[in-house]
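Trainee: Got a structure for you, start_30.csv, holding CSV, C-alpha atoms.
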chain,number,residue,atom,x,y,z
K,679,MET,CA,62.5,-13.8,52.8
K,680,ASN,CA,60.5,-11.4,50.6
K,681,ASN,CA,58.7,-13.4,47.8
K,682,LEU,CA,56.7,-10.4,46.5
K,683,ALA,CA,57.6,-9.2,43.0
K,684,PRO,CA,58.7,-5.6,42.8
K,685,LEU,CA,55.9,-3.2,42.0
K,686,PRO,CA,56.0,-1.6,38.5
K,687,ALA,CA,56.7,2.0,38.4
K,688,THR,CA,53.8,4.4,38.4
K,689,GLY,CA,54.6,5.6,34.9
K,690,ALA,CA,54.5,2.1,33.5
K,691,ILE,CA,51.0,1.6,34.9
K,692,ASP,CA,49.8,4.9,33.4
K,693,GLY,CA,51.4,4.0,30.1
K,694,ARG,CA,49.5,0.7,29.9
K,695,LYS,CA,46.2,2.4,30.8
K,696,HIS,CA,46.8,4.9,28.0
K,697,GLU,CA,47.7,2.1,25.6
K,698,ASP,CA,44.5,0.2,26.5
K,699,LYS,CA,42.4,3.3,25.9
K,700,VAL,CA,44.0,3.8,22.5
K,701,HIS,CA,43.4,0.2,21.6
K,702,GLY,CA,39.8,0.3,22.9
K,703,SER,CA,38.9,3.5,21.0
K,704,GLY,CA,40.7,2.1,18.0
K,705,GLY,CA,38.5,-1.0,18.1
K,706,TRP,CA,35.4,1.2,18.2
K,707,TRP,CA,36.6,3.2,15.2
K,708,THR,CA,37.4,0.0,13.3
K,709,ALA,CA,33.9,-1.4,14.0
K,710,ALA,CA,32.3,1.9,13.0
K,711,ALA,CA,34.3,2.0,9.8
K,712,MET,CA,33.4,-1.5,8.9
K,713,ALA,CA,29.7,-0.8,9.6
K,714,GLY,CA,29.9,2.3,7.4
K,715,VAL,CA,31.5,0.3,4.6
K,716,SER,CA,28.9,-2.4,4.9
K,717,LEU,CA,26.0,0.1,4.8
K,718,ALA,CA,27.6,1.9,1.8
K,719,ALA,CA,27.9,-1.5,0.0
K,720,ALA,CA,24.3,-2.4,0.8
K,721,ALA,CA,23.1,1.0,-0.5
K,722,THR,CA,25.1,0.6,-3.7
K,723,LEU,CA,23.7,-2.9,-4.2
K,724,ASN,CA,20.1,-1.8,-3.6
K,725,ASN,CA,20.5,1.2,-6.0
K,726,TRP,CA,21.9,-1.1,-8.7
K,727,LEU,CA,19.0,-3.6,-8.1
K,728,ALA,CA,16.4,-0.8,-8.3
K,729,LYS,CA,17.8,0.4,-11.6
K,730,ARG,CA,17.8,-3.1,-12.9
K,731,ALA,CA,14.2,-3.6,-11.8
K,732,GLU,CA,13.2,-0.4,-13.6
K,733,ARG,CA,15.0,-1.4,-16.8
K,734,ARG,CA,13.2,-4.8,-16.8
K,735,ASN,CA,9.9,-3.2,-15.9
K,736,PRO,CA,9.5,0.1,-17.7
K,737,PRO,CA,6.4,2.2,-17.3
K,738,ILE,CA,3.4,0.6,-18.9
K,739,GLY,CA,1.2,3.7,-18.9
K,740,ARG,CA,1.4,7.4,-19.1
K,741,CYS,CA,2.1,10.2,-16.6
K,742,LEU,CA,0.0,13.2,-15.5
K,743,THR,CA,1.3,16.1,-13.5
K,744,VAL,CA,-1.2,16.7,-10.8
K,745,ASP,CA,-0.5,19.3,-8.0
K,746,GLU,CA,3.2,19.1,-8.7
K,747,THR,CA,3.2,15.3,-8.5
K,748,ARG,CA,4.0,13.0,-11.4
K,749,LEU,CA,1.3,10.5,-11.4
K,750,HIS,CA,1.6,7.3,-13.4
K,751,TYR,CA,-1.5,5.5,-14.6
K,752,ILE,CA,-2.8,3.0,-17.1
K,753,GLU,CA,-6.1,3.3,-19.0
K,754,ARG,CA,-8.0,1.0,-21.4
K,755,GLY,CA,-11.5,0.2,-22.6
K,756,THR,CA,-14.7,2.1,-23.1
K,757,GLY,CA,-17.9,2.3,-21.2
K,758,SER,CA,-18.8,3.4,-17.7
K,759,PRO,CA,-15.6,4.3,-15.8
K,760,ILE,CA,-13.9,2.2,-13.1
K,761,VAL,CA,-10.9,3.4,-11.1
K,762,LEU,CA,-8.6,0.9,-9.5
K,763,ILE,CA,-6.5,1.7,-6.4
K,764,HIS,CA,-3.9,-0.8,-5.3
K,765,GLY,CA,-2.7,-1.8,-1.9
K,766,ASN,CA,0.5,-1.3,0.1
K,767,GLY,CA,3.6,-2.6,-1.6
K,768,ALA,CA,1.9,-3.0,-4.9
K,769,MET,CA,1.4,-0.9,-8.1
K,770,VAL,CA,-0.7,-0.9,-11.2
K,771,GLY,CA,1.1,-4.1,-12.3
K,772,ASP,CA,-0.8,-5.9,-9.6
K,773,TRP,CA,-4.2,-5.2,-11.3
K,774,VAL,CA,-2.7,-6.3,-14.7
K,775,ALA,CA,-1.0,-9.5,-13.3
K,776,SER,CA,-4.2,-10.6,-11.5
K,777,GLY,CA,-6.3,-10.3,-14.6
K,778,VAL,CA,-8.7,-7.8,-13.1
K,779,PHE,CA,-7.7,-4.9,-15.3
K,780,ASP,CA,-8.1,-6.7,-18.7
K,781,SER,CA,-11.3,-8.5,-17.6
K,782,LEU,CA,-13.0,-5.2,-16.7
K,783,ALA,CA,-11.6,-3.3,-19.7
K,784,ALA,CA,-13.6,-5.6,-22.0
K,785,HIS,CA,-16.8,-3.7,-20.9
K,786,HIS,CA,-15.6,-0.5,-19.1
K,787,ARG,CA,-13.2,2.4,-19.3
K,788,VAL,CA,-10.7,1.3,-16.7
K,789,ILE,CA,-8.1,3.5,-15.0
K,790,ALA,CA,-5.5,2.3,-12.5
K,791,PHE,CA,-3.2,4.7,-10.6
K,792,ASP,CA,0.2,4.1,-9.1
K,793,ARG,CA,-0.2,5.6,-5.6
K,794,PRO,CA,2.4,8.1,-4.4
K,795,GLY,CA,5.7,6.3,-3.8
K,796,PHE,CA,4.7,3.1,-5.7
K,797,GLY,CA,5.4,2.0,-9.2
K,798,TYR,CA,6.3,5.2,-11.2
K,799,THR,CA,4.4,7.8,-9.2
K,800,LEU,CA,6.7,10.1,-7.2
K,801,ARG,CA,6.2,10.7,-3.5
K,802,SER,CA,7.1,14.1,-2.2
K,803,ARG,CA,9.0,14.0,1.0
K,804,THR,CA,7.4,17.3,2.2
K,805,ARG,CA,3.9,16.0,2.1
K,806,LEU,CA,2.1,13.6,4.5
K,807,TRP,CA,0.4,11.2,2.1
K,808,THR,CA,-2.6,10.2,4.1
K,809,PRO,CA,-5.6,8.6,2.4
K,810,ARG,CA,-7.3,12.0,2.2
K,811,ALA,CA,-4.3,13.6,0.5
K,812,GLN,CA,-4.1,10.7,-2.0
K,813,ALA,CA,-7.9,11.0,-2.6
K,814,ALA,CA,-7.4,14.7,-3.4
K,815,LEU,CA,-4.7,13.8,-5.9
K,816,PHE,CA,-6.9,11.2,-7.6
K,817,ALA,CA,-9.9,13.5,-7.8
K,818,GLN,CA,-7.8,16.1,-9.7
K,819,ALA,CA,-6.4,13.4,-11.9
K,820,MET,CA,-9.9,12.1,-12.7
K,821,HIS,CA,-10.9,15.7,-13.6
K,822,GLN,CA,-7.9,16.0,-15.9
K,823,LEU,CA,-8.9,12.7,-17.6
K,824,GLY,CA,-12.4,13.8,-18.1
K,825,VAL,CA,-13.9,11.4,-15.6
K,826,GLU,CA,-16.8,13.0,-13.7
K,827,SER,CA,-17.7,9.9,-11.7
K,828,ALA,CA,-16.6,6.3,-11.5
K,829,VAL,CA,-16.9,3.1,-9.5
K,830,ILE,CA,-13.9,3.2,-7.2
K,831,VAL,CA,-12.3,-0.1,-6.4
K,832,GLY,CA,-9.7,-0.4,-3.6
K,833,HIS,CA,-7.7,-3.4,-2.5
K,834,SER,CA,-6.1,-3.7,1.0
K,835,TRP,CA,-4.6,-0.3,2.0
K,836,GLY,CA,-6.2,1.0,-1.3
K,837,VAL,CA,-9.6,0.9,0.3
K,838,LEU,CA,-8.7,4.0,2.4
K,839,PRO,CA,-8.1,6.5,-0.4
K,840,ALA,CA,-11.2,4.9,-2.1
K,841,LEU,CA,-13.3,5.7,0.9
K,842,ALA,CA,-11.8,9.2,1.2
K,843,LEU,CA,-12.7,9.9,-2.4
K,844,ALA,CA,-16.3,9.0,-1.7
K,845,LEU,CA,-16.4,11.0,1.5
K,846,ASP,CA,-14.4,14.1,0.5
K,847,PHE,CA,-15.3,14.2,-3.2
K,848,PRO,CA,-18.7,12.4,-3.4
K,849,ALA,CA,-19.4,13.5,-6.9
K,850,THR,CA,-16.4,11.5,-8.1
K,851,ALA,CA,-17.7,8.1,-6.8
K,852,SER,CA,-20.8,6.5,-8.2
K,853,GLY,CA,-20.0,3.3,-6.2
K,854,LEU,CA,-17.4,1.6,-4.1
K,855,VAL,CA,-15.9,-1.9,-4.1
K,856,LEU,CA,-13.7,-2.5,-1.1
K,857,MET,CA,-11.6,-5.6,-1.1
K,858,SER,CA,-9.7,-7.2,1.8
K,859,GLY,CA,-9.6,-3.8,3.5
K,860,VAL,CA,-8.5,-2.4,6.8
K,861,PHE,CA,-11.2,0.0,8.0
K,862,TYR,CA,-10.7,0.3,11.7
K,863,PRO,CA,-7.6,0.6,14.0
K,864,GLN,CA,-6.0,-2.8,14.6
K,865,MET,CA,-2.6,-3.4,16.1
K,866,ARG,CA,-0.6,-5.8,13.9
K,867,SER,CA,2.9,-7.2,14.1
K,868,ASP,CA,3.9,-5.5,10.8
K,869,ILE,CA,3.2,-2.1,12.3
K,870,VAL,CA,5.6,-2.8,15.1
K,871,THR,CA,8.3,-4.2,12.9
K,872,SER,CA,8.0,-1.2,10.5
K,873,LEU,CA,8.5,1.4,13.2
K,874,PRO,CA,12.3,1.6,13.0
K,875,SER,CA,12.3,2.0,9.2
K,876,SER,CA,9.7,4.8,9.4
K,877,VAL,CA,11.7,7.0,11.8
K,878,PRO,CA,13.2,10.1,10.0
K,879,GLY,CA,16.9,9.8,9.6
K,880,ILE,CA,17.6,6.3,10.8
K,881,GLY,CA,14.6,5.0,8.8
K,882,ASP,CA,16.0,6.6,5.6
K,883,VAL,CA,19.3,4.8,6.2
K,884,MET,CA,17.5,1.5,6.8
K,885,CYS,CA,15.3,1.8,3.7
K,886,GLN,CA,18.4,2.5,1.6
K,887,THR,CA,20.4,-0.4,3.1
K,888,ILE,CA,19.0,-3.1,5.4
K,889,THR,CA,15.2,-3.1,4.8
K,890,PRO,CA,15.2,-4.0,1.1
K,891,LEU,CA,17.6,-6.8,1.6
K,892,LEU,CA,15.6,-8.3,4.5
K,893,ALA,CA,12.4,-7.9,2.5
K,894,SER,CA,13.9,-9.8,-0.4
K,895,VAL,CA,14.8,-12.7,1.9
K,896,THR,CA,11.3,-12.8,3.6
K,897,SER,CA,9.2,-12.1,0.4
K,898,PRO,CA,8.6,-15.8,-0.4
K,899,MET,CA,7.2,-16.4,3.0
K,900,GLN,CA,5.2,-13.2,2.9
K,901,THR,CA,3.8,-14.1,-0.5
K,902,LYS,CA,2.5,-17.4,0.9
K,903,ALA,CA,1.0,-15.7,3.8
K,904,ILE,CA,-1.1,-13.2,1.8
K,905,PHE,CA,-2.5,-16.0,-0.4
K,906,LYS,CA,-3.0,-18.5,2.5
K,907,PRO,CA,-5.0,-20.8,2.7
K,908,ALA,CA,-5.0,-20.7,-1.1
K,909,GLN,CA,-1.9,-21.6,-3.1
K,910,VAL,CA,0.1,-18.7,-4.6
K,911,HIS,CA,-1.6,-18.2,-7.9
K,912,GLU,CA,0.5,-18.8,-11.0
K,913,ARG,CA,-0.4,-15.3,-12.3
K,914,PHE,CA,1.4,-13.8,-9.4
K,915,ALA,CA,4.7,-14.7,-11.2
K,916,ASP,CA,3.9,-11.8,-13.5
K,917,PHE,CA,3.8,-9.3,-10.7
K,918,PRO,CA,7.1,-7.2,-10.7
K,919,MET,CA,8.2,-8.0,-7.2
K,920,SER,CA,11.7,-6.5,-7.8
K,921,MET,CA,10.0,-3.1,-8.2
K,922,SER,CA,8.5,-3.5,-4.7
K,923,LEU,CA,11.9,-3.9,-3.2
K,924,ARG,CA,13.3,-0.6,-4.4
K,925,PRO,CA,14.4,1.7,-1.5
K,926,GLY,CA,11.9,4.5,-2.4
K,927,GLN,CA,9.0,2.1,-2.5
K,928,MET,CA,10.1,0.4,0.7
K,929,ARG,CA,10.1,3.8,2.4
K,930,ALA,CA,6.5,4.5,1.2
K,931,GLN,CA,5.4,1.1,2.4
K,932,VAL,CA,6.7,1.4,5.9
K,933,LYS,CA,5.2,4.9,6.2
K,934,GLU,CA,1.8,3.7,5.2
K,935,THR,CA,2.0,0.6,7.5
K,936,THR,CA,2.8,2.7,10.5
K,937,MET,CA,0.1,5.3,9.9
K,938,LEU,CA,-2.7,2.7,9.7
K,939,PRO,CA,-4.0,3.1,13.3
K,940,VAL,CA,-4.3,6.9,12.9
K,941,VAL,CA,-5.8,7.1,9.5
K,942,THR,CA,-8.3,4.3,10.0
K,943,GLY,CA,-9.4,5.9,13.2
K,944,SER,CA,-10.0,9.2,11.5
K,945,LEU,CA,-11.9,7.8,8.5
K,946,ALA,CA,-14.0,5.4,10.7
K,947,ARG,CA,-15.9,8.2,12.3
K,948,ARG,CA,-17.4,9.1,8.9
K,949,TYR,CA,-18.5,5.8,7.4
K,950,GLY,CA,-22.1,6.5,8.3
K,951,GLU,CA,-22.1,9.4,5.8
K,952,LEU,CA,-21.8,7.1,2.8
K,953,SER,CA,-25.0,6.8,0.7
K,954,LEU,CA,-23.8,5.2,-2.5
K,955,PRO,CA,-23.7,1.5,-3.6
K,956,VAL,CA,-21.0,-0.2,-1.6
K,957,THR,CA,-19.8,-3.7,-2.1
K,958,ILE,CA,-17.5,-5.2,0.6
K,959,LEU,CA,-15.6,-8.2,-0.5
K,960,THR,CA,-13.3,-10.3,1.6
K,961,GLY,CA,-11.7,-13.7,1.7
K,962,ALA,CA,-13.4,-15.6,4.5
K,963,ASP,CA,-10.0,-17.0,5.6
K,964,ASP,CA,-7.9,-13.9,5.2
K,965,ALA,CA,-4.9,-14.3,7.5
K,966,ILE,CA,-3.7,-10.7,7.1
K,967,VAL,CA,-6.8,-8.8,7.9
K,968,SER,CA,-9.6,-10.1,10.1
K,969,PRO,CA,-12.8,-10.4,8.1
K,970,ASP,CA,-14.9,-10.3,11.3
K,971,ALA,CA,-13.2,-7.2,12.8
K,972,GLN,CA,-13.0,-5.3,9.6
K,973,SER,CA,-15.3,-6.1,6.6
K,974,GLU,CA,-18.2,-7.5,8.6
K,975,ARG,CA,-18.1,-4.6,11.0
K,976,LEU,CA,-18.1,-2.1,8.1
K,977,HIS,CA,-21.0,-3.9,6.5
K,978,LYS,CA,-23.1,-3.4,9.7
K,979,GLU,CA,-22.2,0.2,9.7
K,980,ILE,CA,-23.1,1.2,6.1
K,981,ASP,CA,-26.8,0.9,5.4
K,982,GLY,CA,-27.6,-1.0,2.2
K,983,SER,CA,-24.0,-2.3,1.7
K,984,ARG,CA,-23.4,-5.7,0.3
K,985,LEU,CA,-20.9,-8.2,1.9
K,986,ILE,CA,-19.4,-11.0,-0.1
K,987,LYS,CA,-17.3,-13.5,1.8
K,988,LEU,CA,-15.3,-16.0,-0.3
K,989,ALA,CA,-14.7,-19.3,1.4
K,990,GLY,CA,-11.2,-20.7,1.2
K,991,ILE,CA,-9.7,-17.4,0.0
K,992,GLY,CA,-7.1,-15.3,1.7
K,993,HIS,CA,-6.0,-11.7,1.3
K,994,MET,CA,-5.4,-11.9,-2.5
K,995,ALA,CA,-9.0,-12.4,-3.8
K,996,ASN,CA,-8.1,-10.5,-6.9
K,997,TYR,CA,-5.9,-13.5,-8.0
K,998,SER,CA,-7.5,-16.4,-6.2
K,999,ALA,CA,-11.1,-15.5,-7.0
K,1000,LEU,CA,-10.8,-13.4,-10.2
K,1001,SER,CA,-14.2,-14.2,-11.7
K,1002,ASP,CA,-16.0,-13.4,-8.4
K,1003,VAL,CA,-14.1,-10.1,-8.1
K,1004,VAL,CA,-14.9,-9.1,-11.6
K,1005,VAL,CA,-18.6,-10.0,-11.3
K,1006,ALA,CA,-18.8,-8.1,-8.0
K,1007,ILE,CA,-17.3,-5.0,-9.6
K,1008,ARG,CA,-19.5,-5.2,-12.7
K,1009,GLU,CA,-22.6,-5.7,-10.6
K,1010,THR,CA,-21.7,-2.6,-8.5
K,1011,ALA,CA,-21.2,-0.6,-11.7
K,1012,ALA,CA,-24.6,-1.7,-13.0
K,1013,SER,CA,-26.2,-0.8,-9.6
K,1014,SER,CA,-24.5,2.6,-9.6
K,1015,ASP,CA,-25.7,3.3,-13.2
K,1016,GLN,CA,-29.3,2.5,-12.1
K,1017,SER,CA,-29.0,4.7,-9.1
K,1018,SER,CA,-27.7,7.5,-11.2
K,1019,LYS,CA,-30.6,7.2,-13.6
K,1020,ARG,CA,-33.1,7.2,-10.7
K,1021,ILE,CA,-31.4,10.3,-9.2
K,1022,THR,CA,-31.2,12.3,-12.4
K,1023,GLY,CA,-34.7,11.3,-13.6
K,1024,PRO,CA,-37.8,13.4,-12.9
K,1025,LEU,CA,-39.1,13.4,-9.4
K,1026,ARG,CA,-42.8,13.1,-8.7
K,1027,SER,CA,-44.4,15.2,-6.0
K,1028,GLY,CA,-43.7,13.8,-2.6
K,1029,SER,CA,-40.9,11.5,-3.7
K,1030,SER,CA,-37.4,11.6,-2.3
K,1031,ARG,CA,-33.9,11.0,-3.6
K,1032,PRO,CA,-32.8,7.4,-3.0
K,1033,ARG,CA,-29.9,6.8,-0.5
Have the structure of the file written as structure tokens, please.
Mentor:
Amino acid sequence: MNNLAPLPATGAIDGRKHEDKVHGSGGWWTAAAMAGVSLAAAATLNNWLAKRAERRNPPIGRCLTVDETRLHYIERGTGSPIVLIHGNGAMVGDWVASGVFDSLAAHHRVIAFDRPGFGYTLRSRTRLWTPRAQAALFAQAMHQLGVESAVIVGHSWGVLPALALALDFPATASGLVLMSGVFYPQMRSDIVTSLPSSVPGIGDVMCQTITPLLASVTSPMQTKAIFKPAQVHERFADFPMSMSLRPGQMRAQVKETTMLPVVTGSLARRYGELSLPVTILTGADDAIVSPDAQSERLHKEIDGSRLIKLAGIGHMANYSALSDVVVAIRETAASSDQSSKRITGPLRSGSSRPR
């Protein structure tokens, strides 16, 4: 007795295979369509959030056009000039919220720039905005504003254009204050995690869609990390965090994060050329940037530099140790004024210019 079921016709088998292929490809098309709709929705939401952030935080300063770049800056006070350069992810509002700007403006002419891509300064997509490129922009801006020389203050990533100003345009810098800076190549986890968002094409899509939303979720944790071991300072509530989450600013942030190893390596070869008053200030317990590997190493390399380590302070010394920061900047300004007077004064036979 034959218990085997009859075999299906060859045409039926081929038909089912064709049907499976159709359903399979249809599934892929459906998934791709859903992903496209989700990305479009995320981009629309981020664009709306960015516009809302700008409505709530309009420009607080003025704009200069420098080398075809619209550069936003704030200025206040009279006296010897001080230029403030913010870190990655920040803007001039960071100097205002921390209290540094107003505290210094009581005795000095203070200028703070939004770096390219941050705040209200535009960032050309056709230029590579290295620290040296940004320094050239600021040097021209200072000239337009009638500032021949100033104490340059940089925080975090902002120490790099500050150093580039002193190295490439030495006449513009009468002194340096370098806070919580990265000065030497150092592999960090944020460099690795920022790589996908920095890749041309796919990175642009991510910065318009996924990256700002992820950043908004993780920002409370990141804020605690930059202040650690200190508590998040109450003044930080005045920092316009929503401006930092705009797609354009996120793109600038990941670009600058991923270029850190290259640009620090390039500048580090020249630190020995510096011959102006330099104050290096760091939180002794900075969890973002190693004080030993960065600030202390730089202090050993620059003759005559001054190192200030603040116990119990993390990466955000401008908030957590406001009075110490302001005093350090004012002391550097006074030191640079004295150096300038010595240099411009008459030289006796056999004397030399001070370093």
Trainee: What is the distance, in Å and to one decimal place, between CA of Glu979 in chain K and CA of Val860 in chain K?
Mentor: 14.2 Å
Trainee: Which residue, K:Gly859, K:Gly982, K:Gly832, K:Pro939, has the smallest gap to Thr808 in chain K when you use all atoms listed in the file?
Mentor: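 Smallest separation from Thr808 in chain K among the options: K:Pro939.
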Trainee: Which residue, K:Gly767, K:Pro863, K:Pro969, K:Gly853, has the smallest gap to Gln900 in chain K when you use only C-alpha atoms?
Mentor: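 Between K:Gly767, K:Pro863, K:Pro969, K:Gly853, the residue approaching Gln900 in chain K most closely is K:Gly767.
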Trainee: Under the rule of at most 9 Å, produce a per-residue listing of range 902-976 of chain K near range 781-795 of chain K: chain, number, name, the closest pair of atoms, and the distance in Å, as a tab-separated table, using all atoms listed in the file.
Mentor:
residue	atom	partner	partner_atom	distance
K:Gly926	CA	K:Gly795	CA	6.6
K:Gln927	CA	K:Gly795	CA	5.5
K:Met928	CA	K:Gly795	CA	8.6
K:Arg929	CA	K:Gly795	CA	8.0
K:Ala930	CA	K:Gly795	CA	5.4
K:Gln931	CA	K:Gly795	CA	8.1
Trainee: Between K:Ile888, K:Ile763, K:Ala819, K:Met899, which residue has the minimum interatomic distance to Leu838 in chain K, considering only C-alpha atoms?
Mentor: K:Ile763
Trainee: Applying 9 Å and all atoms listed in the file, which residues near range 954-960 of chain K remain after dropping the ones on its own chain fewer than 6 positions away? List them as a tab-separated table (two decimals) with C-alpha atoms, keeping the file's coordinate frame.
Mentor:
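Saved as out-v1.tsv:
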chain	number	residue	atom	x	y	z
K	844	ALA	CA	-16.30	9.00	-1.70
K	848	PRO	CA	-18.70	12.40	-3.40
K	851	ALA	CA	-17.70	8.10	-6.80
K	852	SER	CA	-20.80	6.50	-8.20
K	853	GLY	CA	-20.00	3.30	-6.20
K	854	LEU	CA	-17.40	1.60	-4.10
K	855	VAL	CA	-15.90	-1.90	-4.10
K	856	LEU	CA	-13.70	-2.50	-1.10
K	857	MET	CA	-11.60	-5.60	-1.10
K	858	SER	CA	-9.70	-7.20	1.80
K	859	GLY	CA	-9.60	-3.80	3.50
K	969	PRO	CA	-12.80	-10.40	8.10
K	973	SER	CA	-15.30	-6.10	6.60
K	974	GLU	CA	-18.20	-7.50	8.60
K	976	LEU	CA	-18.10	-2.10	8.10
K	977	HIS	CA	-21.00	-3.90	6.50
K	980	ILE	CA	-23.10	1.20	6.10
K	982	GLY	CA	-27.60	-1.00	2.20
K	983	SER	CA	-24.00	-2.30	1.70
K	984	ARG	CA	-23.40	-5.70	0.30
K	985	LEU	CA	-20.90	-8.20	1.90
K	986	ILE	CA	-19.40	-11.00	-0.10
K	987	LYS	CA	-17.30	-13.50	1.80
K	988	LEU	CA	-15.30	-16.00	-0.30
K	991	ILE	CA	-9.70	-17.40	0.00
K	992	GLY	CA	-7.10	-15.30	1.70
K	993	HIS	CA	-6.00	-11.70	1.30
K	995	ALA	CA	-9.00	-12.40	-3.80
K	1003	VAL	CA	-14.10	-10.10	-8.10
K	1006	ALA	CA	-18.80	-8.10	-8.00
K	1007	ILE	CA	-17.30	-5.00	-9.60
K	1010	THR	CA	-21.70	-2.60	-8.50
K	1011	ALA	CA	-21.20	-0.60	-11.70
K	1013	SER	CA	-26.20	-0.80	-9.60
K	1014	SER	CA	-24.50	2.60	-9.60
K	1017	SER	CA	-29.00	4.70	-9.10
K	1033	ARG	CA	-29.90	6.80	-0.50
Trainee: Please determine, counting all atoms listed in the file, which residue among K:Thr889, K:Thr896, K:Ser834, K:Thr804 has the shortest atom-to-atom distance to Ser968 in chain K.
Mentor: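 That would be K:Ser834, the residue with the smallest distance to Ser968 in chain K.
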Trainee: Taking (-11.8, 15.0, -7.0) in the file's coordinates as the center, which residues reach within 6 Å of it, counting all atoms listed in the file, put as a list of chain:residue names?
Mentor: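 Checking each residue against the 6 Å limit leaves K:Ala814, K:Ala817, K:Gln818, K:Phe847, K:Thr850.
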Trainee: Using only C-alpha atoms, which residue out of K:Thr743, K:Tyr949, K:Val831, K:Pro809 lies closest to Pro759 in chain K?
Mentor: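 The shortest atom-to-atom distance to Pro759 in chain K comes from K:Val831.
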Trainee: Would you mind listing what lies within 12 Å of Gln864 in chain K as a PyMOL selection string, with all atoms listed in the file counted and same-chain residues fewer than 6 positions away left out?
Mentor: chain K and resi 870+935-943+966-968+971-972
Trainee: Interatomic distance between CA of His911 in chain K and CA of Gly777 in chain K?
Mentor: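 Distance between the two atoms: 11.4 Å.
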Trainee: Which polymer residues have any atom within 7 Å of an atom of Met769 in chain K, counting all atoms listed in the file, with same-chain residues fewer than 2 positions away left out, as a PyMOL selection string?
Mentor: chain K and resi 764+771-772+792+796-797
Trainee: Keeping only C-alpha atoms, write the selected residues to a file as a PDB file, keeping the file's coordinate frame.
Mentor:
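See selection_2.pdb below for the written result:
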ATOM      1  CA  HIS K 764      -3.900  -0.800  -5.300  1.00  0.00           C
ATOM      2  CA  GLY K 771       1.100  -4.100 -12.300  1.00  0.00           C
ATOM      3  CA  ASP K 772      -0.800  -5.900  -9.600  1.00  0.00           C
ATOM      4  CA  ASP K 792       0.200   4.100  -9.100  1.00  0.00           C
ATOM      5  CA  PHE K 796       4.700   3.100  -5.700  1.00  0.00           C
ATOM      6  CA  GLY K 797       5.400   2.000  -9.200  1.00  0.00           C
TER       7      GLY K 797
END
Trainee: Provide the CA of Thr722 in chain K to CA of Ile869 in chain K distance in Å, to one decimal place.
Mentor: 27.3 Å
Trainee: May I ask which of the residues K:Ser897, K:Thr871, K:Gln822, K:Thr708 is the closest one to Val744 in chain K, counting all atoms listed in the file?
Mentor: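 Among K:Ser897, K:Thr871, K:Gln822, K:Thr708, it is K:Gln822 that comes nearest to Val744 in chain K.
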Trainee: I'd like the neighbourhood of Leu815 in chain K as a list in words, where a residue qualifies if any of its atoms comes within 9 Å (using all atoms listed in the file), though same-chain residues fewer than 6 positions away should be ignored.
Mentor: Val744, Asp745, Thr747 and Leu749 of chain K
